[in-house]
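**Q** Quick one, structure_15.txt (compact mmCIF, C-alpha atoms):
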# COMPACT_ATOMS: atom_id res chain seq x y z
CA MET A 1 80.46 108.44 127.36
CA THR A 2 83.49 110.71 126.97
CA SER A 3 85.83 109.91 124.07
CA PRO A 4 89.42 109.04 125.02
CA SER A 5 92.17 111.57 124.44
CA LEU A 6 95.22 110.86 122.28
CA ALA A 7 97.18 110.07 125.44
CA ASP A 8 94.59 107.44 126.45
CA LEU A 9 94.87 105.39 123.26
CA PRO A 10 96.47 101.93 123.49
CA PRO A 11 99.87 101.24 121.90
CA LEU A 12 99.67 100.79 118.15
CA ARG A 13 100.81 97.18 118.22
CA GLU A 14 98.06 96.35 120.70
CA ALA A 15 95.47 98.17 118.58
CA LEU A 16 96.55 96.28 115.46
CA GLU A 17 96.27 92.94 117.24
CA ARG A 18 92.82 93.84 118.60
CA HIS A 19 91.59 94.61 115.10
CA GLY A 20 93.38 91.61 113.57
CA LEU A 21 95.23 93.77 111.04
CA LEU A 22 98.24 92.69 109.00
CA ALA A 23 100.17 94.62 106.34
CA ARG A 24 99.22 93.89 102.75
CA LYS A 25 102.12 93.33 100.40
CA SER A 26 99.94 94.22 97.40
CA PHE A 27 99.46 97.73 98.87
CA GLY A 28 103.17 98.18 99.63
CA GLN A 29 102.39 98.43 103.34
CA HIS A 30 105.04 98.47 106.07
CA PHE A 31 103.89 99.86 109.42
CA LEU A 32 105.89 102.37 111.41
CA LEU A 33 104.81 101.75 115.00
CA ASP A 34 107.61 103.44 117.00
CA LEU A 35 106.21 106.77 118.19
CA ASN A 36 109.71 108.09 118.86
CA ILE A 37 110.41 107.78 115.12
CA THR A 38 107.07 109.17 114.00
CA ARG A 39 107.43 112.13 116.37
CA LYS A 40 110.85 112.87 114.87
CA ILE A 41 109.32 112.86 111.38
CA ALA A 42 106.63 115.29 112.59
CA ARG A 43 109.38 117.58 113.94
CA LEU A 44 111.29 117.39 110.65
CA ALA A 45 108.08 118.36 108.86
CA GLU A 46 107.97 121.58 110.91
CA VAL A 47 104.22 121.43 111.41
CA GLY A 48 102.38 122.69 114.45
CA GLU A 49 99.29 124.19 115.99
CA GLY A 50 96.67 125.12 113.39
CA ASP A 51 98.58 123.78 110.36
CA THR A 52 96.77 121.57 107.86
CA VAL A 53 98.54 118.34 106.92
CA ILE A 54 97.58 115.87 104.21
CA GLU A 55 98.75 112.33 104.95
CA VAL A 56 98.59 109.56 102.37
CA GLY A 57 98.42 105.95 103.47
CA PRO A 58 98.16 106.37 107.26
CA GLY A 59 97.57 102.64 107.78
CA PRO A 60 97.23 102.06 111.53
CA GLY A 61 97.93 105.74 112.24
CA GLY A 62 101.39 105.82 113.81
CA LEU A 63 102.51 108.95 111.96
CA THR A 64 98.98 110.34 112.23
CA ARG A 65 99.17 110.24 116.02
CA ALA A 66 102.48 112.11 116.00
CA LEU A 67 101.11 114.77 113.64
CA LEU A 68 98.02 115.26 115.79
CA GLU A 69 100.20 115.65 118.87
CA THR A 70 101.71 118.79 117.28
CA GLY A 71 98.28 120.45 117.24
CA ALA A 72 97.95 120.17 113.45
CA LYS A 73 94.77 119.30 111.59
CA VAL A 74 95.22 116.12 109.53
CA VAL A 75 93.40 114.95 106.41
CA ALA A 76 94.27 111.26 106.01
CA VAL A 77 93.69 109.47 102.68
CA GLU A 78 93.50 105.68 103.07
CA LYS A 79 92.79 103.18 100.29
CA ASP A 80 92.61 100.12 102.55
CA SER A 81 89.17 100.13 104.20
CA ARG A 82 90.34 97.65 106.85
CA PHE A 83 92.04 100.52 108.69
CA LEU A 84 89.05 102.86 108.84
CA PRO A 85 87.64 101.51 112.16
CA LEU A 86 91.05 101.83 113.82
CA LEU A 87 91.58 105.32 112.35
CA GLY A 88 88.04 106.19 113.44
CA GLU A 89 89.06 105.55 117.04
CA LEU A 90 91.95 107.95 116.51
CA ALA A 91 89.58 110.53 115.00
CA ASP A 92 87.29 110.25 118.06
CA ALA A 93 90.28 111.11 120.26
CA ALA A 94 91.46 114.01 118.09
CA ASP A 95 88.78 116.61 118.90
CA GLY A 96 87.73 117.08 115.29
CA ARG A 97 91.29 117.55 113.97
CA LEU A 98 91.40 114.32 111.94
CA THR A 99 89.40 113.93 108.73
CA LEU A 100 89.38 110.48 107.12
CA VAL A 101 89.02 110.07 103.37
CA GLU A 102 88.68 106.60 101.89
CA GLY A 103 90.14 106.58 98.40
CA ASP A 104 93.10 106.25 96.08
CA ALA A 105 95.62 109.08 96.51
CA LEU A 106 96.69 108.69 92.87
CA ARG A 107 93.27 110.03 91.90
CA ALA A 108 92.65 112.42 94.79
CA ASP A 109 92.30 116.19 94.35
CA MET A 110 94.78 117.48 96.93
CA ALA A 111 93.59 121.09 96.67
CA ALA A 112 90.05 119.96 97.45
CA LEU A 113 91.27 117.93 100.44
CA ALA A 114 93.01 121.05 101.74
CA GLU A 115 89.74 122.98 101.16
CA GLY A 116 91.59 125.50 99.03
CA GLY A 117 93.96 126.54 101.79
CA PRO A 118 97.67 126.00 102.36
CA ALA A 119 98.72 122.54 103.51
CA HIS A 120 101.79 120.47 104.24
CA MET A 121 102.15 116.90 102.95
CA VAL A 122 103.60 114.40 105.41
CA SER A 123 103.44 110.68 104.65
CA ASN A 124 105.06 107.29 104.93
CA LEU A 125 104.24 106.57 101.30
CA PRO A 126 103.32 103.08 100.07
CA TYR A 127 106.43 101.74 98.33
CA ASN A 128 104.61 100.68 95.17
CA VAL A 129 103.18 104.13 94.33
CA GLY A 130 105.47 106.58 96.14
CA THR A 131 107.41 107.79 93.10
CA GLN A 132 104.29 108.27 90.98
CA LEU A 133 102.57 110.19 93.78
CA LEU A 134 105.54 112.55 94.07
CA ILE A 135 105.62 113.18 90.31
CA ASN A 136 101.88 113.89 90.38
CA TRP A 137 102.38 116.47 93.13
CA LEU A 138 105.42 118.07 91.47
CA THR A 139 103.66 118.50 88.14
CA GLY A 140 100.04 118.99 89.25
CA PRO A 141 98.09 122.14 90.13
CA PHE A 142 98.30 121.80 93.92
CA ARG A 143 101.24 123.60 95.51
CA PRO A 144 101.85 122.41 99.09
CA LEU A 145 103.77 124.43 101.66
CA SER A 146 106.17 121.52 102.07
CA MET A 147 106.44 117.76 101.51
CA THR A 148 108.07 115.51 104.10
CA LEU A 149 107.82 112.03 102.63
CA MET A 150 109.21 108.60 103.37
CA PHE A 151 110.35 106.43 100.47
CA GLN A 152 112.61 103.48 99.86
CA LYS A 153 116.09 104.90 100.46
CA GLU A 154 116.99 104.35 96.81
CA VAL A 155 114.12 106.65 95.77
CA ALA A 156 114.93 109.30 98.38
CA ASP A 157 118.54 109.34 97.16
CA ARG A 158 117.33 109.80 93.59
CA ILE A 159 115.27 112.83 94.64
CA ALA A 160 118.24 114.63 96.21
CA ALA A 161 121.01 113.49 93.82
CA ARG A 162 123.23 115.89 91.86
CA GLU A 163 125.02 115.43 88.55
CA ASP A 164 127.64 112.65 88.46
CA ASP A 165 125.95 110.86 91.39
CA ASP A 166 124.98 107.27 90.62
CA ALA A 167 121.39 108.08 91.67
CA TYR A 168 121.10 111.15 89.41
CA GLY A 169 118.28 111.04 86.88
CA ARG A 170 114.86 112.35 85.87
CA LEU A 171 113.48 112.39 89.42
CA ALA A 172 116.32 114.58 90.71
CA VAL A 173 115.98 117.08 87.87
CA LEU A 174 112.22 117.39 88.21
CA SER A 175 112.22 117.48 92.02
CA GLN A 176 114.96 120.10 92.27
CA THR A 177 113.48 122.28 89.54
CA VAL A 178 110.24 122.57 91.50
CA CYS A 179 111.58 122.32 95.07
CA SER A 180 114.59 122.44 97.30
CA ALA A 181 115.14 118.79 98.21
CA LYS A 182 117.25 116.91 100.73
CA VAL A 183 117.28 113.62 102.62
CA VAL A 184 116.69 114.41 106.30
CA MET A 185 116.44 110.97 107.93
CA ASP A 186 117.47 107.37 107.24
CA LEU A 187 115.57 104.40 108.67
CA PRO A 188 116.70 100.77 108.77
CA ALA A 189 114.32 98.02 107.69
CA ARG A 190 113.97 96.82 111.29
CA ALA A 191 112.09 100.03 112.19
CA PHE A 192 109.04 98.66 110.32
CA THR A 193 106.50 95.91 110.84
CA PRO A 194 106.91 93.78 108.82
CA PRO A 195 110.50 94.75 107.92
CA PRO A 196 110.85 95.50 104.19
CA LYS A 197 113.76 94.11 102.22
CA VAL A 198 115.24 97.59 101.77
CA ALA A 199 116.13 100.59 103.93
CA SER A 200 113.96 103.72 103.91
CA ALA A 201 114.61 107.44 104.12
CA VAL A 202 112.67 110.66 104.58
CA ALA A 203 113.04 113.38 101.97
CA ARG A 204 111.96 116.95 102.63
CA LEU A 205 110.92 119.07 99.65
CA VAL A 206 109.97 122.76 99.86
CA PRO A 207 108.53 124.36 96.71
CA LEU A 208 110.68 127.12 95.27
CA ASP A 209 109.41 130.68 95.10
CA PRO A 210 108.59 131.72 92.48
CA ALA A 211 107.29 128.47 91.08
CA PRO A 212 108.74 127.44 87.71
CA ASP A 213 106.53 127.93 84.69
CA LYS A 214 104.28 124.91 84.07
CA ALA A 215 105.24 124.85 80.40
CA LEU A 216 108.92 124.65 81.37
CA VAL A 217 108.22 121.74 83.73
CA SER A 218 106.31 119.95 80.96
CA ALA A 219 109.19 120.50 78.52
CA LEU A 220 111.62 119.30 81.19
CA GLU A 221 109.70 116.03 81.46
CA ARG A 222 110.16 115.49 77.70
CA VAL A 223 113.86 116.38 77.76
CA THR A 224 114.71 114.18 80.75
CA ALA A 225 112.66 111.25 79.40
CA ALA A 226 114.72 111.32 76.21
CA ALA A 227 118.10 112.02 77.84
CA PHE A 228 117.89 109.49 80.67
CA GLY A 229 115.97 106.96 78.60
CA GLN A 230 119.26 106.37 76.77
CA ARG A 231 121.67 107.67 79.36
CA ARG A 232 124.72 105.86 77.96
CA LYS A 233 124.43 107.77 74.70
CA MET A 234 125.67 111.27 73.96
CA LEU A 235 122.96 113.91 74.11
CA ARG A 236 123.17 114.51 70.36
CA SER A 237 121.87 110.93 69.96
CA SER A 238 119.53 110.55 72.94
CA LEU A 239 117.84 113.90 72.24
CA LYS A 240 117.61 113.33 68.48
CA PRO A 241 113.78 112.94 68.50
CA ILE A 242 113.39 116.44 70.00
CA GLY A 243 116.25 118.34 68.36
CA GLY A 244 119.50 116.52 69.09
CA GLY A 245 122.69 118.49 68.62
CA ALA A 246 120.89 121.63 67.47
CA LEU A 247 118.84 121.70 70.68
CA CYS A 248 122.02 121.29 72.76
CA GLU A 249 123.76 124.12 70.93
CA ALA A 250 120.72 126.39 71.40
CA ALA A 251 120.90 125.69 75.14
CA GLY A 252 124.68 126.09 75.37
CA ILE A 253 125.15 122.40 76.25
CA ASP A 254 127.90 120.15 74.86
CA PRO A 255 126.10 117.72 72.49
CA ASP A 256 128.80 115.11 73.15
CA ALA A 257 128.04 115.05 76.89
CA ARG A 258 125.96 112.35 78.57
CA ALA A 259 122.87 112.97 80.67
CA GLU A 260 124.39 112.11 84.05
CA THR A 261 127.00 114.86 83.69
CA ILE A 262 124.55 117.70 82.99
CA PRO A 263 123.57 119.82 86.02
CA ILE A 264 119.94 120.61 86.72
CA GLU A 265 120.41 124.12 85.35
CA GLY A 266 121.60 122.59 82.09
CA PHE A 267 118.42 120.56 81.74
CA GLN A 268 116.39 123.66 82.48
CA ALA A 269 118.25 125.41 79.63
CA LEU A 270 117.47 122.49 77.31
CA ALA A 271 113.78 122.65 78.30
CA ALA A 272 113.71 126.41 77.67
CA ALA A 273 115.33 125.89 74.24
CA LEU A 274 112.76 123.20 73.42
CA LEU A 275 109.95 125.66 74.18
CA LYS A 276 111.46 128.13 71.72
CA ALA A 277 112.09 125.57 68.99
Go through the file and emit its structure as structure tokens.

**A**
Amino acid sequence: MTSPSLADLPPLREALERHGLLARKSFGQHFLLDLNITRKIARLAEVGEGDTVIEVGPGPGGLTRALLETGAKVVAVEKDSRFLPLLGELADAADGRLTLVEGDALRADMAALAEGGPAHMVSNLPYNVGTQLLINWLTGPFRPLSMTLMFQKEVADRIAAREDDDAYGRLAVLSQTVCSAKVVMDLPARAFTPPPKVASAVARLVPLDPAPDKALVSALERVTAAAFGQRRKMLRSSLKPIGGGALCEAAGIDPDARAETIPIEGFQALAAALLKA
């Protein structure tokens, strides 16, 4: 019997009902079933024929379908085994371009999933682990070609924020040291099944070339943890455990300033000074 093509597959909502699948709150699941939206995300990701894409948390496969329609090869990492039969039907229709991996993305070796080659990361990330996954990818050994990722809007805004923005903090400094980062799409809660209590947004991150030194990124994590951990204090006080006013002066930063007023380049200077201390 010939396997169906992607175009022959039933609508996602119908497939979910047939398999009796509901979103699990404990996994942070909210399904994106509108193919017009998922196709737009695939376009924003700028992936196409022959590209390799790693997708985390495909769930019922709405975004997966859109990515496969571009001609890309997709490696999908799914923790919830309930979705594997449904995703298996999608794999049968994908002519060998969909590889399913059951497991926890927080522990997955992304370079191994990409088989050592270049890959894009495109995902509607589970709300409860999205930030930690991004930090793992920013600071880990795997360097993707790009990351087009959906988060709660609050998190996406924190990724792209600049100094003096309310959302500015550690995530912005780390993200924009490693990548260029911007919010490329907003989605209302009603776009999801079930609707979450918050809006969502897609952030696109493209690693900078050349990549920042790993030691600098590690030092930056220490500096931002101290500075934003006590963001209402002057840097001379919040940074006291790692050098305080002397560290600020070595970096050319006003020790009486507060963290939210320091541009990303200023934090990079503080990290560089910490490495020399």

**Q** Counting only C-alpha atoms, what is within 12 Å of A:Gly20, bar same-chain residues fewer than 6 positions away, as a VMD selection string?

**A** chain A and resid 13 to 14 60 82 to 83 85 to 86

**Q** Could you check which residues have any atom within 12 Å of (124.0, 110.7, 74.2), counting only C-alpha atoms with coordinates taken straight from the file, and then list them as a compact mmCIF listing (two decimals) with C-alpha atoms, in the coordinates of the input?

**A**
# COMPACT_ATOMS: atom_id res chain seq x y z
CA THR A 224 114.71 114.18 80.75
CA ALA A 226 114.72 111.32 76.21
CA ALA A 227 118.10 112.02 77.84
CA PHE A 228 117.89 109.49 80.67
CA GLY A 229 115.97 106.96 78.60
CA GLN A 230 119.26 106.37 76.77
CA ARG A 231 121.67 107.67 79.36
CA ARG A 232 124.72 105.86 77.96
CA LYS A 233 124.43 107.77 74.70
CA MET A 234 125.67 111.27 73.96
CA LEU A 235 122.96 113.91 74.11
CA ARG A 236 123.17 114.51 70.36
CA SER A 237 121.87 110.93 69.96
CA SER A 238 119.53 110.55 72.94
CA LEU A 239 117.84 113.90 72.24
CA LYS A 240 117.61 113.33 68.48
CA PRO A 241 113.78 112.94 68.50
CA GLY A 244 119.50 116.52 69.09
CA GLY A 245 122.69 118.49 68.62
CA CYS A 248 122.02 121.29 72.76
CA ILE A 253 125.15 122.40 76.25
CA ASP A 254 127.90 120.15 74.86
CA PRO A 255 126.10 117.72 72.49
CA ASP A 256 128.80 115.11 73.15
CA ALA A 257 128.04 115.05 76.89
CA ARG A 258 125.96 112.35 78.57
CA ALA A 259 122.87 112.97 80.67
CA GLU A 260 124.39 112.11 84.05
CA THR A 261 127.00 114.86 83.69
CA ILE A 262 124.55 117.70 82.99

**Q** Report as JSON, numbers by chain all protein, DNA and RNA residues lying within 12 Å of A:Asp166, evaluated on only C-alpha atoms, omitting residues in the same chain fewer than 3 positions from it.

**A** {"A": [154, 157, 158, 159, 160, 161, 162, 163, 169, 172, 231, 259, 260, 261]}

**Q** Show which residues sit within 10 Å of A:Asn124, as number ranges by chain. Count only C-alpha atoms, and ignore same-chain residues fewer than 6 positions away.

**A** A: 29-32, 38, 41, 55-59, 62-64, 130, 148-152, 200-202

**Q** Using all atoms listed in the file for the distances, tell me which of A:His120, A:Arg204, A:Arg107, A:Lys197 is nearest to A:Val75.

**A**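 Under the stated criterion, the closest residue is A:His120.
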
**Q** Pick out the closest residue to A:Asp209 from this set: A:Pro196, A:Pro144, A:Pro188, A:Gly252. Count all atoms listed in the file.

**A**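 Closest candidate: A:Pro144.
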
**Q** What is the atom CA of A:Leu87 to atom CA of A:Leu9 distance in Å?

**A**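 Separation between atom CA of A:Leu87 and atom CA of A:Leu9: 11.4 Å.
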
**Q** What lies within 8 Å of A:Ala94 using all atoms listed in the file, ignoring chain neighbours under 6 positions off, as a list in words?

**A** Ser5, Leu6 and Leu68 of chain A
